[in-house]
Each structure stands twice: as C-alpha cells, then as structure tokens.
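First the structure, in the form of structure tokens, and then the observations on it.
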Amino acid sequence: MLNEDEVRRYQRQIKIFGEGAQEKLKSAHVAVIGVGGLGSTVSIFLTVAGVGRLTIVDSDRVALSDLNRQILYTTEDIGEEKVFRAALKLRKMNPNVHITPINEKIDKDNVYAIIRNADMVIDCLDNWKSRLILNKACIEENKILIHGGIKGLSGQVIVIIPRKTPCLNCIARKIEEEEEIPVLGTTASIIGSIQATEAIKLITGYGKPVIGKIIIYDGYYMELEHVGVTRRPDCEVCGGYEE
C-alpha cells in the first residue's frame, strides 16, 4: 500500500495509471547495470517514479570527461566512486526507494548473483563484451533486459524478453569496440529516458512496450523509427529455448 507521502509525491503519474500501478512500481526491484550517461538518466527517473528497490552497478570513478552526459555527478564528484555518489543523490531525491550500490564490474563470475533477485535488468553499459555477458545471464535467469546504446547523436533501445524476443546476441554478435565513444549529452538522456519509460510500462502494465523491434533514434535529423527483428534459431545464447 502507498503511504500518504507517496500518494502526494506520485499524484501526477497516478492520474495516468492509477494507484494499483503505482503499487506495482513500489513492489518492483530493478537492476541498473552501469551508472554513466545512460544509467544516470535511467536511475533518476526510476527513483523519482517510485520503483521500490533499485540496484545500481558500476566500478568506475567520476572523471571530468564524464560530466557532459552523466547528469548524476558534478565537478565536486571527480575522483569519487560512481555508485556511492549516485546512491547518495538518489536517496535524497526519493527516500522511499531502497538503493543498493554495487561497486563491481560485470563479469561471468558475478553477473548471476547481481541480477538473480531483480525483476528486470537495464543495460546501461558502454562496451559490448560486458553487454553480451549480461545478455546471456538474463536469458539463462529469465530476466527481462532493456538494452540501450548511444553514439554521437544517435542511439538504440531494445526490450529483450527471454524465450519470446531476439536476444542481444541475435543481432549484435560482431560489433567492434571503440575505446572512447563520441556522444552528445542529450543523446544519453533521450535514450535513457526511453529505457526508463519502457521499464515503467512493463512493470505497471500500462501502455504498449515496443516488443520485437529496435527503437532507433537519430538526433541529427530528429527521427525516431522502429525496425523489426527476429530470433535466430541458431543463436548460441537463446536458440535452444522454447517460447
């Protein structure tokens, strides 16, 4: 049940989807993997929306070059560990949300323990090696995964529902890594906002999530399109699972 503070705090969105949906948000546990450009926006909006429990995962420290897009941090945070600074600020934004910071880099050994108790996982990572590790774990643990990626003025979002939709490995097996990805700060916030919106829709049951399609954003021409994708029967990660 929502307390009086929560009813007042969330009254504008309760007008959209009702108290029952807000209670679903309060009961949800979301893991945000990466608290950089995408993760800053995602974690802020899930926190202020009233997701009951948020696990945030990152192993980096704040750098000066982060500050054009990682809106959770300020100049005073340079050199500090991201997850702890992020947790401190998120708790101030909404003390009703339980924030768990994990100062680790995702790998094959720790990923399962990190996501196992979450209802949903959001990929806010900045490299494909870690993303594919996370993708595999989510398929095996049957966790919904919302992937986001950005570069320059463009980005993409895909909602991955294990056993039903294509996984990340189906569509992104041979992407080459870049050491330092160029990005405009607004791109990170737009893609992160889309990820958070899809997460809220899936948790509350309100609206129609984009399933089986990639959302592609082009900020240069200010275009947004959906591109259909299908599962690969020979996918090494999800090909062996039935719907």
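We label chains A, B, ... in the order they appear in the structure tokens, count residues from 1 in each chain, and number ligands from 1 in the order shown.
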Fewer than 6 positions away in the same chain doesn't count, so skip those; otherwise give me all residues within 6 Å of Val62 (chain A), counting only C-alpha atoms, as a VMD selection string.
-> chain A and resid 78 to 80 82
Output of the above residues as a compact mmCIF listing (two decimals), in the first residue's frame, restricted to N, CA and C atoms:
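In the end it all went to part.txt:
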```txt
# COMPACT_ATOMS: atom_id res chain seq x y z
N ILE A 78 34.45 14.47 -8.95
CA ILE A 78 35.57 13.92 -9.73
C ILE A 78 36.51 13.14 -8.81
N GLY A 79 36.82 11.91 -9.25
CA GLY A 79 37.70 11.04 -8.48
C GLY A 79 36.97 10.12 -7.51
N GLU A 80 35.68 10.38 -7.28
CA GLU A 80 34.90 9.55 -6.35
C GLU A 80 34.32 8.34 -7.08
N LYS A 82 31.59 6.08 -8.51
CA LYS A 82 30.30 6.50 -9.04
C LYS A 82 29.11 5.96 -8.26
```
Which of region 1-228 of chain A DSSP labels helix (DSSP H, G or I), written as a PyMOL selection string = chain A and resi 4-9+11-27+37-49+64-66+75-77+82-93+111-115+128-141+168-171+185-204
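Across A:Met1, A:Leu46, A:Ile71, A:Val32, the tightest approach to Ile106 (chain A) is made by A:Val32 when counting only C-alpha atoms.
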With region 209-212 of chain A as the partner and 7 Å as the cut-off, tabulate the residues of region 112-194 of chain A that qualify, each row holding the nearest pair of atoms and their distance in Å to one decimal, using only C-alpha atoms, sorted by chain and rising number, as a Markdown table.
```
| residue | atom | partner | partner_atom | distance |
| --- | --- | --- | --- | --- |
| A:Val159 | CA | A:Ile211 | CA | 6.1 |
| A:Thr165 | CA | A:Gly212 | CA | 5.6 |
| A:Pro166 | CA | A:Gly212 | CA | 6.9 |
```
Just to be explicit: take each residue in the selection above, keep N, CA and C atoms, and write the result as a compact mmCIF listing (two decimals), in the first residue's frame.
```
# COMPACT_ATOMS: atom_id res chain seq x y z
N VAL A 159 13.92 -4.03 -26.14
CA VAL A 159 13.39 -4.76 -25.00
C VAL A 159 13.54 -6.25 -25.29
N THR A 165 11.51 -12.88 -27.49
CA THR A 165 12.05 -11.92 -28.45
C THR A 165 13.51 -12.26 -28.77
N PRO A 166 14.07 -11.67 -29.83
CA PRO A 166 15.50 -11.84 -30.08
C PRO A 166 16.31 -11.34 -28.89
```
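By chain and then residue number, the residues within 7 Å of Ala87 (chain A) are Val83, Phe84, Leu90, Arg91, Ile99 and Pro101 of chain A, counting only C-alpha atoms and disregarding those fewer than 3 positions away in sequence.
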Quick one: residues within 9 Å of Gln22 (chain A), only C-alpha atoms counted, chain neighbours fewer than 4 positions away excluded, as a CSV table (one decimal) with C-alpha atoms, in the first residue's frame?
```
chain,number,residue,atom,x,y,z
A,2,LEU,CA,1.1,3.6,-0.6
A,7,VAL,CA,0.3,9.4,-2.8
A,10,TYR,CA,3.3,10.5,-7.3
A,13,GLN,CA,1.5,9.9,-12.6
A,14,ILE,CA,-1.2,8.2,-10.5
A,17,PHE,CA,-2.3,4.8,-14.5
A,18,GLY,CA,-3.9,4.7,-11.0
A,26,LYS,CA,6.7,0.2,-5.3
A,27,SER,CA,7.0,-3.6,-5.3
A,49,ALA,CA,8.8,7.4,-10.4
A,50,GLY,CA,8.9,5.3,-7.2
A,51,VAL,CA,10.4,1.9,-8.1
A,204,THR,CA,2.8,-1.3,-14.4
```
Who sits within 9 Å of Gln195 (chain A), only C-alpha atoms, same chain under 4 positions skipped, as a PyMOL selection string | chain A and resi 38+42+122-123+146-148+157-159+190-191+199-200
Can you check which parts of region 98-194 of chain A lie within 10 Å of region 218-234 of chain A? Per residue, the shortest pair of atoms and distance in Å to one decimal, counting only C-alpha atoms, sorted by chain and number, as JSON lines.
```
{"residue": "A:Lys151", "atom": "CA", "partner": "A:Asp218", "partner_atom": "CA", "distance": 10.0}
{"residue": "A:Gly152", "atom": "CA", "partner": "A:Gly219", "partner_atom": "CA", "distance": 8.6}
{"residue": "A:Leu153", "atom": "CA", "partner": "A:Gly219", "partner_atom": "CA", "distance": 4.8}
{"residue": "A:Ser154", "atom": "CA", "partner": "A:Asp218", "partner_atom": "CA", "distance": 4.6}
{"residue": "A:Gly155", "atom": "CA", "partner": "A:Asp218", "partner_atom": "CA", "distance": 6.9}
{"residue": "A:Gln156", "atom": "CA", "partner": "A:Asp218", "partner_atom": "CA", "distance": 9.0}
{"residue": "A:Val157", "atom": "CA", "partner": "A:His226", "partner_atom": "CA", "distance": 9.7}
{"residue": "A:Ile158", "atom": "CA", "partner": "A:Val229", "partner_atom": "CA", "distance": 9.7}
{"residue": "A:Arg163", "atom": "CA", "partner": "A:Arg231", "partner_atom": "CA", "distance": 9.3}
{"residue": "A:Lys164", "atom": "CA", "partner": "A:Arg231", "partner_atom": "CA", "distance": 8.2}
{"residue": "A:Thr165", "atom": "CA", "partner": "A:Arg231", "partner_atom": "CA", "distance": 6.2}
{"residue": "A:Pro166", "atom": "CA", "partner": "A:Arg231", "partner_atom": "CA", "distance": 4.1}
{"residue": "A:Cys167", "atom": "CA", "partner": "A:Arg231", "partner_atom": "CA", "distance": 7.1}
{"residue": "A:Leu168", "atom": "CA", "partner": "A:Arg231", "partner_atom": "CA", "distance": 9.7}
{"residue": "A:Asn169", "atom": "CA", "partner": "A:Arg232", "partner_atom": "CA", "distance": 9.1}
{"residue": "A:Cys170", "atom": "CA", "partner": "A:Arg232", "partner_atom": "CA", "distance": 5.8}
{"residue": "A:Ile171", "atom": "CA", "partner": "A:Val229", "partner_atom": "CA", "distance": 7.9}
{"residue": "A:Leu184", "atom": "CA", "partner": "A:Gly219", "partner_atom": "CA", "distance": 9.6}
{"residue": "A:Thr186", "atom": "CA", "partner": "A:Gly219", "partner_atom": "CA", "distance": 9.0}
{"residue": "A:Thr187", "atom": "CA", "partner": "A:Gly219", "partner_atom": "CA", "distance": 7.3}
{"residue": "A:Ile190", "atom": "CA", "partner": "A:Gly219", "partner_atom": "CA", "distance": 9.4}
```
Those selected residues, please, written with C-alpha atoms and delivered as a JSON list (two decimals), in the first residue's frame.
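Listing of selection_15.json after writing:
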```
[["chain", "number", "residue", "atom", "x", "y", "z"],
["A", 151, "LYS", "CA", 26.99, 7.15, -30.20],
["A", 152, "GLY", "CA", 27.18, 10.77, -31.26],
["A", 153, "LEU", "CA", 23.63, 11.98, -31.88],
["A", 154, "SER", "CA", 22.16, 8.50, -32.33],
["A", 155, "GLY", "CA", 21.12, 5.59, -30.19],
["A", 156, "GLN", "CA", 19.01, 2.48, -29.90],
["A", 157, "VAL", "CA", 16.81, 0.67, -27.41],
["A", 158, "ILE", "CA", 15.59, -2.93, -27.49],
["A", 163, "ARG", "CA", 12.14, -17.12, -24.80],
["A", 164, "LYS", "CA", 10.00, -14.66, -26.79],
["A", 165, "THR", "CA", 12.05, -11.92, -28.45],
["A", 166, "PRO", "CA", 15.50, -11.84, -30.08],
["A", 167, "CYS", "CA", 18.32, -11.50, -27.57],
["A", 168, "LEU", "CA", 21.24, -9.12, -27.94],
["A", 169, "ASN", "CA", 23.43, -11.90, -29.30],
["A", 170, "CYS", "CA", 20.93, -12.48, -32.14],
["A", 171, "ILE", "CA", 21.54, -9.01, -33.53],
["A", 184, "LEU", "CA", 26.33, 14.38, -27.05],
["A", 186, "THR", "CA", 21.32, 14.92, -24.76],
["A", 187, "THR", "CA", 21.60, 11.61, -26.64],
["A", 190, "ILE", "CA", 16.94, 10.70, -24.54]]
```
Using only C-alpha atoms, determine which residues lie at most 12 Å from Leu54 (chain A), disregarding the query and same-chain residues fewer than 6 positions distant; provide the list as a ChimeraX atom specification.
-> /A:25-33,35,39,42-48,83,86-87,90-91,94-102,114-115,117-122
Env of Asp126 (chain A): 12 Å cut, atoms = only C-alpha atoms, seq-sep filter 4 positions within chain, self excluded. Answer as a CSV table (one decimal) with N, CA and C atoms, in the first residue's frame.
```csv
chain,number,residue,atom,x,y,z
A,33,ILE,N,22.6,-1.6,-14.7
A,33,ILE,CA,24.0,-2.0,-14.8
A,33,ILE,C,24.7,-0.9,-15.6
A,34,GLY,N,25.5,-0.2,-14.9
A,34,GLY,CA,26.2,1.0,-15.5
A,34,GLY,C,25.5,2.3,-15.0
A,35,VAL,N,26.3,3.1,-14.4
A,35,VAL,CA,25.7,4.4,-13.9
A,35,VAL,C,26.4,5.6,-14.5
A,36,GLY,N,26.6,5.5,-15.8
A,36,GLY,CA,27.2,6.6,-16.6
A,36,GLY,C,26.2,7.5,-17.2
A,37,GLY,N,26.3,7.7,-18.5
A,37,GLY,CA,25.4,8.6,-19.2
A,37,GLY,C,24.0,8.0,-19.2
A,38,LEU,N,23.8,6.8,-19.7
A,38,LEU,CA,22.5,6.2,-19.7
A,38,LEU,C,22.0,5.9,-18.3
A,39,GLY,N,22.9,5.3,-17.5
A,39,GLY,CA,22.5,4.9,-16.2
A,39,GLY,C,22.1,6.1,-15.3
A,58,ASP,N,28.4,-0.3,-10.9
A,58,ASP,CA,29.4,0.3,-11.7
A,58,ASP,C,30.7,0.2,-10.9
A,60,ASP,N,33.5,2.3,-11.9
A,60,ASP,CA,34.3,3.4,-12.3
A,60,ASP,C,34.3,4.5,-11.3
A,105,LYS,N,32.6,-4.5,-11.5
A,105,LYS,CA,32.5,-4.6,-12.9
A,105,LYS,C,31.8,-5.9,-13.3
A,106,ILE,N,30.8,-5.9,-14.1
A,106,ILE,CA,30.1,-7.1,-14.5
A,106,ILE,C,31.1,-8.1,-15.2
A,130,SER,N,30.8,-6.7,-22.1
A,130,SER,CA,30.0,-6.8,-20.8
A,130,SER,C,28.6,-6.9,-21.2
A,131,ARG,N,28.1,-6.2,-22.2
A,131,ARG,CA,26.7,-6.3,-22.6
A,131,ARG,C,26.3,-7.8,-22.9
A,132,LEU,N,27.2,-8.5,-23.7
A,132,LEU,CA,26.8,-9.8,-24.1
A,132,LEU,C,26.9,-10.8,-22.9
A,147,HIS,N,18.0,-3.0,-23.2
A,147,HIS,CA,19.3,-2.6,-23.7
A,147,HIS,C,19.2,-1.2,-24.3
A,148,GLY,N,20.2,-0.4,-24.0
A,148,GLY,CA,20.4,1.0,-24.6
A,148,GLY,C,21.8,1.2,-25.1
A,149,GLY,N,22.0,1.8,-26.2
A,149,GLY,CA,23.3,2.1,-26.7
A,149,GLY,C,23.3,3.5,-27.4
A,150,ILE,N,24.4,4.2,-27.3
A,150,ILE,CA,24.5,5.5,-27.9
A,150,ILE,C,25.8,5.8,-28.6
A,151,LYS,N,25.8,6.7,-29.5
A,151,LYS,CA,27.0,7.2,-30.2
A,151,LYS,C,26.7,8.5,-30.9
A,177,GLU,N,34.5,-2.9,-30.8
A,177,GLU,CA,34.5,-1.9,-29.7
A,177,GLU,C,35.3,-0.7,-30.1
A,178,GLU,N,34.9,0.5,-29.5
A,178,GLU,CA,35.6,1.7,-29.6
A,178,GLU,C,36.1,2.1,-28.2
A,179,GLU,N,37.3,2.6,-28.2
A,179,GLU,CA,37.9,3.0,-26.9
A,179,GLU,C,37.2,4.1,-26.3
A,180,GLU,N,36.9,5.1,-27.0
A,180,GLU,CA,36.2,6.3,-26.5
A,180,GLU,C,35.1,6.7,-27.5
A,181,ILE,N,33.9,6.5,-27.1
A,181,ILE,CA,32.8,6.7,-28.0
A,181,ILE,C,32.3,8.2,-27.9
A,182,PRO,N,32.3,8.9,-29.0
A,182,PRO,CA,31.8,10.2,-29.0
A,182,PRO,C,30.3,10.3,-28.7
A,183,VAL,N,29.9,11.2,-27.9
A,183,VAL,CA,28.5,11.3,-27.6
A,183,VAL,C,28.1,12.7,-27.1
A,188,ALA,N,22.4,10.7,-24.5
A,188,ALA,CA,22.3,9.8,-23.4
A,188,ALA,C,21.0,9.9,-22.6
```
Residue set, region 25-159 of chain A restricted to strand (DSSP E or B), as a PyMOL selection string | chain A and resi 29-33+53-57+61+81+98-102+120-123+144-152+154-159
May I have the selected residues written with C-alpha atoms, as an mmCIF file, in the first residue's frame?
```cif
data_model
loop_
_atom_site.group_PDB
_atom_site.id
_atom_site.type_symbol
_atom_site.label_atom_id
_atom_site.label_comp_id
_atom_site.auth_asym_id
_atom_site.auth_seq_id
_atom_site.Cartn_x
_atom_site.Cartn_y
_atom_site.Cartn_z
ATOM 1 C CA HIS A 29 13.188 -4.423 -7.999
ATOM 2 C CA VAL A 30 15.194 -3.155 -10.973
ATOM 3 C CA ALA A 31 18.934 -3.615 -11.541
ATOM 4 C CA VAL A 32 20.629 -0.805 -13.488
ATOM 5 C CA ILE A 33 23.954 -2.014 -14.835
ATOM 6 C CA ARG A 53 14.148 -1.158 -4.948
ATOM 7 C CA LEU A 54 16.985 -0.137 -7.230
ATOM 8 C CA THR A 55 20.317 -1.926 -7.510
ATOM 9 C CA ILE A 56 22.965 0.158 -9.268
ATOM 10 C CA VAL A 57 26.196 -1.399 -10.520
ATOM 11 C CA ARG A 61 35.229 6.699 -10.674
ATOM 12 C CA GLU A 81 33.398 6.088 -6.908
ATOM 13 C CA HIS A 98 15.782 1.401 -1.374
ATOM 14 C CA ILE A 99 19.070 1.940 -3.241
ATOM 15 C CA THR A 100 21.737 -0.793 -3.264
ATOM 16 C CA PRO A 101 25.102 0.251 -4.783
ATOM 17 C CA ILE A 102 27.458 -2.466 -6.042
ATOM 18 C CA MET A 120 14.104 -6.547 -14.511
ATOM 19 C CA VAL A 121 17.581 -5.554 -15.712
ATOM 20 C CA ILE A 122 18.537 -2.404 -17.623
ATOM 21 C CA ASP A 123 21.715 -2.418 -19.708
ATOM 22 C CA ILE A 144 13.652 -9.029 -18.914
ATOM 23 C CA LEU A 145 16.551 -6.937 -20.235
ATOM 24 C CA ILE A 146 16.241 -3.425 -21.652
ATOM 25 C CA HIS A 147 19.311 -2.560 -23.717
ATOM 26 C CA GLY A 148 20.363 0.951 -24.648
ATOM 27 C CA GLY A 149 23.303 2.116 -26.700
ATOM 28 C CA ILE A 150 24.498 5.525 -27.867
ATOM 29 C CA LYS A 151 26.994 7.152 -30.197
ATOM 30 C CA GLY A 152 27.183 10.772 -31.263
ATOM 31 C CA SER A 154 22.160 8.501 -32.329
ATOM 32 C CA GLY A 155 21.124 5.588 -30.187
ATOM 33 C CA GLN A 156 19.008 2.484 -29.897
ATOM 34 C CA VAL A 157 16.806 0.665 -27.406
ATOM 35 C CA ILE A 158 15.588 -2.926 -27.490
ATOM 36 C CA VAL A 159 13.393 -4.764 -24.999
#
```
Given the choices A:Glu242, A:Gln11, A:Cys124, A:Ile16, which gets closest to Lys201 (chain A) if the distance is worked out from only C-alpha atoms?
->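 Among the listed residues, the smallest separation from Lys201 (chain A) belongs to A:Ile16.
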Nearest to Lys136 (chain A) by atom-to-atom distance, counting only C-alpha atoms, from A:Glu23, A:Met93, A:Cys238, A:Asn110 = A:Cys238
